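Trainee: This one is work.txt, compact mmCIF, C-alpha atoms.
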```txt
# COMPACT_ATOMS: atom_id res chain seq x y z
CA MET A 3 3.05 17.76 18.57
CA ARG A 4 6.23 15.69 18.62
CA LYS A 5 5.61 14.47 15.08
CA VAL A 6 4.98 18.03 13.84
CA LEU A 7 8.24 19.22 15.42
CA LEU A 8 10.08 16.28 13.88
CA LEU A 9 8.58 17.10 10.49
CA PHE A 10 9.70 20.72 10.71
CA VAL A 11 13.21 19.69 11.84
CA LEU A 12 13.33 17.45 8.77
CA ILE A 13 12.10 20.28 6.52
CA LEU A 14 14.71 22.67 7.95
CA THR A 15 17.46 20.08 7.43
CA VAL A 16 16.47 19.49 3.80
CA ALA A 17 15.96 23.22 3.16
CA GLY A 18 19.34 23.98 4.80
CA THR A 19 21.09 21.39 2.65
CA PHE A 20 19.31 22.81 -0.38
CA ALA A 21 20.49 26.34 0.51
CA LEU A 22 24.06 25.10 1.02
CA TRP A 23 23.96 23.37 -2.34
CA LEU A 24 22.74 26.56 -4.01
CA THR A 25 25.38 28.77 -2.40
CA SER A 26 28.33 26.37 -2.80
CA GLY A 27 28.12 26.33 -6.61
CA GLU A 28 30.33 28.39 -8.89
CA GLY A 29 27.45 30.45 -10.17
CA PHE A 30 26.60 28.19 -13.07
CA ILE A 31 23.90 25.57 -12.55
CA ASP A 32 23.63 22.97 -15.29
CA PRO A 33 20.19 21.67 -16.41
CA LYS A 34 20.65 18.32 -14.60
CA GLU A 35 21.30 20.10 -11.31
CA MET A 36 18.42 22.45 -12.02
CA THR A 37 16.06 19.45 -12.45
CA MET A 38 17.23 17.89 -9.18
CA MET A 39 16.84 21.23 -7.40
CA GLY A 40 13.32 21.56 -8.79
CA GLY A 41 12.45 18.10 -7.48
CA LEU A 42 13.91 18.90 -4.09
CA ALA A 43 11.98 22.18 -3.95
CA LEU A 44 8.80 20.23 -4.73
CA ILE A 45 9.49 17.86 -1.83
CA ILE A 46 10.09 20.79 0.53
CA VAL A 47 6.81 22.42 -0.54
CA PHE A 48 4.99 19.10 0.00
CA ALA A 49 6.50 18.65 3.47
CA VAL A 50 5.57 22.23 4.45
CA PHE A 51 2.02 21.57 3.21
CA LEU A 52 1.80 18.42 5.37
CA GLY A 53 3.23 20.31 8.33
CA ILE A 54 0.64 23.09 8.00
CA ARG A 55 -2.15 20.50 7.78
CA ARG A 56 -0.91 18.89 11.00
CA ILE A 57 -0.71 22.25 12.80
CA LYS A 58 -4.28 23.06 11.71
CA SER A 59 -5.41 19.66 13.07
CA LEU A 60 -3.65 20.32 16.36
CA ARG A 61 -5.36 23.72 16.68
CA ARG A 62 -8.74 22.08 16.11
CA SER A 63 -7.83 19.43 18.72
CA GLU A 64 -8.23 16.72 16.09
CA PRO A 65 -6.19 13.54 16.11
CA PRO A 66 -3.24 14.02 13.72
CA GLU A 67 -4.08 10.67 12.14
CA ASP A 68 -7.32 8.74 12.00
CA GLU A 69 -8.54 5.61 10.21
CA MET A 70 -9.04 7.38 6.87
CA SER A 71 -5.68 9.14 6.83
CA LYS A 72 -4.00 5.86 7.83
CA ARG A 73 -5.77 4.07 4.97
CA ILE A 74 -4.64 6.78 2.54
CA LEU A 75 -1.09 6.50 3.86
CA LYS A 76 -1.10 2.70 3.44
CA ARG A 77 -2.28 3.01 -0.17
CA THR A 78 0.23 5.77 -0.84
CA ALA A 79 3.03 3.58 0.53
CA ALA A 80 1.91 0.64 -1.58
CA THR A 81 1.66 2.73 -4.77
CA SER A 82 4.97 4.50 -4.29
CA TYR A 83 6.73 1.21 -3.47
CA TYR A 84 5.37 -0.32 -6.67
CA LEU A 85 6.45 2.72 -8.70
CA SER A 86 9.87 2.84 -7.09
CA LEU A 87 10.61 -0.73 -8.21
CA TYR A 88 10.15 0.35 -11.82
CA THR A 89 12.06 3.57 -11.17
CA TRP A 90 15.15 1.68 -9.98
CA LEU A 91 14.78 -0.78 -12.85
CA ALA A 92 14.75 2.15 -15.31
CA LEU A 93 17.68 3.82 -13.53
CA MET A 94 19.68 0.57 -13.68
CA PHE A 95 18.93 0.37 -17.40
CA PHE A 96 20.19 3.91 -17.98
CA SER A 97 23.14 3.65 -15.56
CA ASP A 98 25.59 2.72 -18.35
CA THR A 99 24.66 5.62 -20.56
CA THR A 100 24.62 8.40 -17.97
CA GLU A 101 27.53 10.69 -17.11
CA LEU A 102 26.29 11.18 -13.54
CA GLU A 103 28.51 10.13 -10.65
CA ILE A 104 27.26 7.11 -8.68
CA SER A 105 26.41 9.24 -5.61
CA SER A 106 24.40 11.69 -7.74
CA PHE A 107 22.72 8.77 -9.45
CA ILE A 108 21.61 7.24 -6.14
CA GLY A 109 20.52 10.70 -4.96
CA LEU A 110 18.44 11.07 -8.11
CA GLY A 111 16.78 7.71 -7.43
CA ILE A 112 15.92 8.68 -3.85
CA LEU A 113 14.61 12.06 -5.03
CA ILE A 114 12.39 10.37 -7.62
CA MET A 115 11.09 8.02 -4.90
CA ALA A 116 10.20 11.02 -2.71
CA ILE A 117 8.43 12.75 -5.61
CA GLU A 118 6.53 9.53 -6.37
CA PHE A 119 5.43 9.32 -2.75
CA ALA A 120 4.19 12.94 -2.78
CA LEU A 121 2.33 12.44 -6.06
CA ALA A 122 0.80 9.15 -4.86
CA TRP A 123 -0.40 10.86 -1.67
CA VAL A 124 -2.01 13.70 -3.66
CA TYR A 125 -3.63 11.14 -5.98
CA HIS A 126 -5.03 8.97 -3.18
CA THR A 127 -6.21 11.96 -1.13
CA TYR A 128 -7.89 14.03 -3.82
CA PHE A 129 -8.59 11.87 -6.85
CA ALA A 130 -8.79 8.16 -6.04
CA LYS A 131 -11.86 6.39 -4.68
CA ILE A 132 -11.05 5.48 -1.09
CA ASN A 133 -14.10 3.21 -0.97
CA GLU A 134 -12.67 0.61 -3.30
CA MET B 30 -22.80 2.99 0.30
CA ASN B 31 -25.00 6.02 1.01
CA ASN B 32 -25.50 7.61 4.37
CA ARG B 33 -27.70 10.14 6.15
CA ILE B 34 -24.96 11.86 8.13
CA LYS B 35 -25.50 15.34 6.62
CA GLU B 36 -29.25 15.17 7.22
CA LEU B 37 -28.88 13.89 10.79
CA ARG B 38 -26.16 16.40 11.57
CA ALA B 39 -28.48 19.21 10.47
CA ARG B 40 -31.29 17.71 12.56
CA ASP B 41 -29.12 17.73 15.69
CA GLY B 42 -27.53 21.10 14.91
CA LEU B 43 -24.02 19.67 14.76
CA THR B 44 -21.21 21.02 12.63
CA GLN B 45 -18.78 18.70 10.87
CA ASP B 46 -16.21 19.75 13.45
CA ASP B 47 -18.54 18.83 16.34
CA LEU B 48 -19.28 15.41 14.91
CA ALA B 49 -15.59 14.79 14.18
CA LYS B 50 -14.71 15.56 17.80
CA LYS B 51 -17.52 13.36 19.12
CA VAL B 52 -16.39 10.32 17.16
CA GLY B 53 -12.65 11.09 17.41
CA VAL B 54 -11.72 11.57 13.76
CA ARG B 55 -10.49 14.45 11.59
CA ARG B 56 -13.06 16.84 10.10
CA GLU B 57 -11.84 15.79 6.66
CA THR B 58 -13.05 12.24 7.36
CA ILE B 59 -16.58 13.53 8.04
CA VAL B 60 -16.46 15.51 4.77
CA PHE B 61 -15.43 12.38 2.86
CA LEU B 62 -18.10 10.30 4.63
CA GLU B 63 -20.84 12.76 3.72
CA LYS B 64 -19.73 12.83 0.11
CA GLY B 65 -19.79 9.03 0.04
CA ARG B 66 -16.11 8.93 -0.87
CA TYR B 67 -15.16 6.88 2.17
CA ASN B 68 -16.71 3.80 3.75
CA PRO B 69 -16.10 3.85 7.49
CA SER B 70 -14.85 1.00 9.62
CA LEU B 71 -17.44 -0.87 11.69
CA LYS B 72 -16.27 0.99 14.80
CA LEU B 73 -16.59 4.43 13.22
CA ALA B 74 -20.00 3.55 11.75
CA HIS B 75 -21.08 2.40 15.21
CA ASP B 76 -19.77 5.59 16.86
CA VAL B 77 -21.50 7.83 14.29
CA ALA B 78 -24.80 5.95 14.64
CA LYS B 79 -24.54 6.07 18.44
CA THR B 80 -23.97 9.86 18.31
CA PHE B 81 -27.29 10.24 16.51
CA GLY B 82 -29.02 7.70 18.77
CA MET B 83 -29.69 5.35 15.88
CA THR B 84 -28.56 1.97 14.59
CA ILE B 85 -25.89 1.55 11.92
CA GLU B 86 -28.40 0.44 9.28
CA GLU B 87 -30.52 3.52 9.90
CA VAL B 88 -27.57 5.82 9.18
CA PHE B 89 -25.67 3.86 6.54
CA LEU B 90 -27.64 2.55 3.59
CA LEU B 91 -26.06 -0.25 1.62
CA GLU B 92 -26.84 -0.20 -2.09
CA MET B 93 -26.95 -3.65 -3.62
CA LYS B 94 -25.84 -3.60 -7.24
```
What does the file become when written as structure tokens?
Mentor:
Amino acid sequence: MRKVLLLFVLILTVAGTFALWLTSGEGFIDPKEMTMMGGLALIIVFAVFLGIRRIKSLRRSEPPEDEMSKRILKRTAATSYYLSLYTWLALMFFSDTTELEISSFIGLGILIMAIEFALAWVYHTYFAKINE
Amino acid sequence: MNNRIKELRARDGLTQDDLAKKVGVRRETIVFLEKGRYNPSLKLAHDVAKTFGMTIEEVFLLEMK
């Protein structure tokens, strides 16, 4: 229950920041910002999905995590770590040519890492062979 | 690795939810086990076999390729 609450606090914090970002603009959102907002929205949707799964497990009196979900999480962590290395390498390569501020650039990297984690989790849960 | 979980569950009149609760895992894990998408740990295999009153090798069938 504690973990579920923590997850929803995290979702609310991210969603709140997202809402603040949307409302603080001058009305015009450039394509770069739009892409980052899309990524952030994807992460929020993913976190809500995980939260709902956990609540359903709690209602069924199931353990929130078991050996299979832990194995999936380990593989997801390994895959997303591997991908993030190449992400930062690519970002470093493009850092000289971009007009983004350094803080936005780091934010973009972290956002990409979060998206990679979500995608890796979906891949390992629904498409990959867990047996191997 | 194949297994007879679905067949034995039907024999004992257990739902996936019941079996999951008995062995202390999520229902999703039982679904994956039945589909052969997940090979259980030795402890889980033991717990599942014990639930059906059988040995591990009677429930889980190892295919040698």
Trainee: Compile the contact shell of A:Phe48 as a CSV table (one decimal) with C-alpha atoms, keeping the file's coordinate frame: residues with an atom at most 12 Å away, counting only C-alpha atoms, same-chain residues fewer than 2 positions apart removed.
Mentor:
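Resulting contents of around.csv:
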```
chain,number,residue,atom,x,y,z
A,9,LEU,CA,8.6,17.1,10.5
A,10,PHE,CA,9.7,20.7,10.7
A,13,ILE,CA,12.1,20.3,6.5
A,41,GLY,CA,12.4,18.1,-7.5
A,42,LEU,CA,13.9,18.9,-4.1
A,43,ALA,CA,12.0,22.2,-4.0
A,44,LEU,CA,8.8,20.2,-4.7
A,45,ILE,CA,9.5,17.9,-1.8
A,46,ILE,CA,10.1,20.8,0.5
A,50,VAL,CA,5.6,22.2,4.4
A,51,PHE,CA,2.0,21.6,3.2
A,52,LEU,CA,1.8,18.4,5.4
A,53,GLY,CA,3.2,20.3,8.3
A,54,ILE,CA,0.6,23.1,8.0
A,55,ARG,CA,-2.2,20.5,7.8
A,116,ALA,CA,10.2,11.0,-2.7
A,117,ILE,CA,8.4,12.8,-5.6
A,118,GLU,CA,6.5,9.5,-6.4
A,119,PHE,CA,5.4,9.3,-2.8
A,120,ALA,CA,4.2,12.9,-2.8
A,121,LEU,CA,2.3,12.4,-6.1
A,122,ALA,CA,0.8,9.2,-4.9
A,123,TRP,CA,-0.4,10.9,-1.7
A,124,VAL,CA,-2.0,13.7,-3.7
```
Trainee: Within 7 Å of chain A, which residues of chain B come that close, and what is the closest atom pair and distance in Å for each? Count only C-alpha atoms and give it as a tab-separated table.
Mentor:
```
residue	atom	partner	partner_atom	distance
B:Lys50	CA	A:Glu64	CA	6.8
B:Val54	CA	A:Asp68	CA	5.5
B:Arg55	CA	A:Glu64	CA	5.5
B:Thr58	CA	A:Met70	CA	6.3
B:Arg66	CA	A:Asn133	CA	6.1
B:Tyr67	CA	A:Asn133	CA	4.9
B:Asn68	CA	A:Asn133	CA	5.4
```
Trainee: Calculate how many Å separate atom CA of B:Gly65 from atom CA of B:Asn31, rounding to one decimal.
Mentor: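 Here the two named atoms are 6.1 Å from each other.
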Trainee: Which residues are close to B:Glu86, i.e. within 10 Å by only C-alpha atoms, leaving aside same-chain residues fewer than 4 positions away? Reply as a PyMOL selection string.
Mentor: chain B and resi 32+74-75+78+90-91
Trainee: Give as a list in words the set of residues within 12 Å of the point (17.9, 20.7, 0.7), where distances use the file's coordinates and all atoms listed in the file.
Mentor: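 Result, sorted by chain then residue number: Leu12, Ile13, Leu14, Thr15, Val16, Ala17, Gly18, Thr19, Phe20, Ala21, Leu22, Trp23, Leu24, Thr25, Met38, Met39, Gly40, Gly41, Leu42, Ala43, Leu44, Ile45, Ile46, Val47, Ala49, Gly109 and Leu113 of chain A.
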Trainee: List the neighbours of B:Arg33 out to 7 Å using all atoms listed in the file; skip same-chain residues closer than 3 positions along the sequence, and give me the result as JSON, numbers by chain.
Mentor: {"B": [36, 37, 88, 89]}
Trainee: With all atoms of stretch 69-82 of chain B from the file as input, state the centre and edge lengths in Å to one decimal of the axis-aligned box that has 6 Å extra on each side, as AutoDock Vina command-line options.
Mentor:
```
--center_x -21.9 --center_y 4.7 --center_z 13.1 --size_x 26.2 --size_y 23.1 --size_z 23.3
```
Trainee: Would you mind reading off the distance between atom CA of A:Thr37 and atom CA of A:Ile114, one decimal, in Å?
Mentor: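 Separating atom CA of A:Thr37 from atom CA of A:Ile114 is a distance of 10.9 Å.
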Trainee: Quick check, in Å to one decimal: how far apart do atom CA of A:Met115 and atom CA of A:Ser82 lie?
Mentor: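 Computed distance, atom CA of A:Met115 to atom CA of A:Ser82, equals 7.1 Å.
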Trainee: Between A:Ser97, A:Leu8, A:Gly111, A:His126, single out the one closest to A:Ala80, counting all atoms listed in the file.
Mentor: A:His126
Trainee: Check the smallest atom-to-atom distance from each of B:Val77, B:Gly82, B:Met30, B:Lys35 to B:Gly53 using all atoms listed in the file, then report the winner.
Mentor: B:Val77
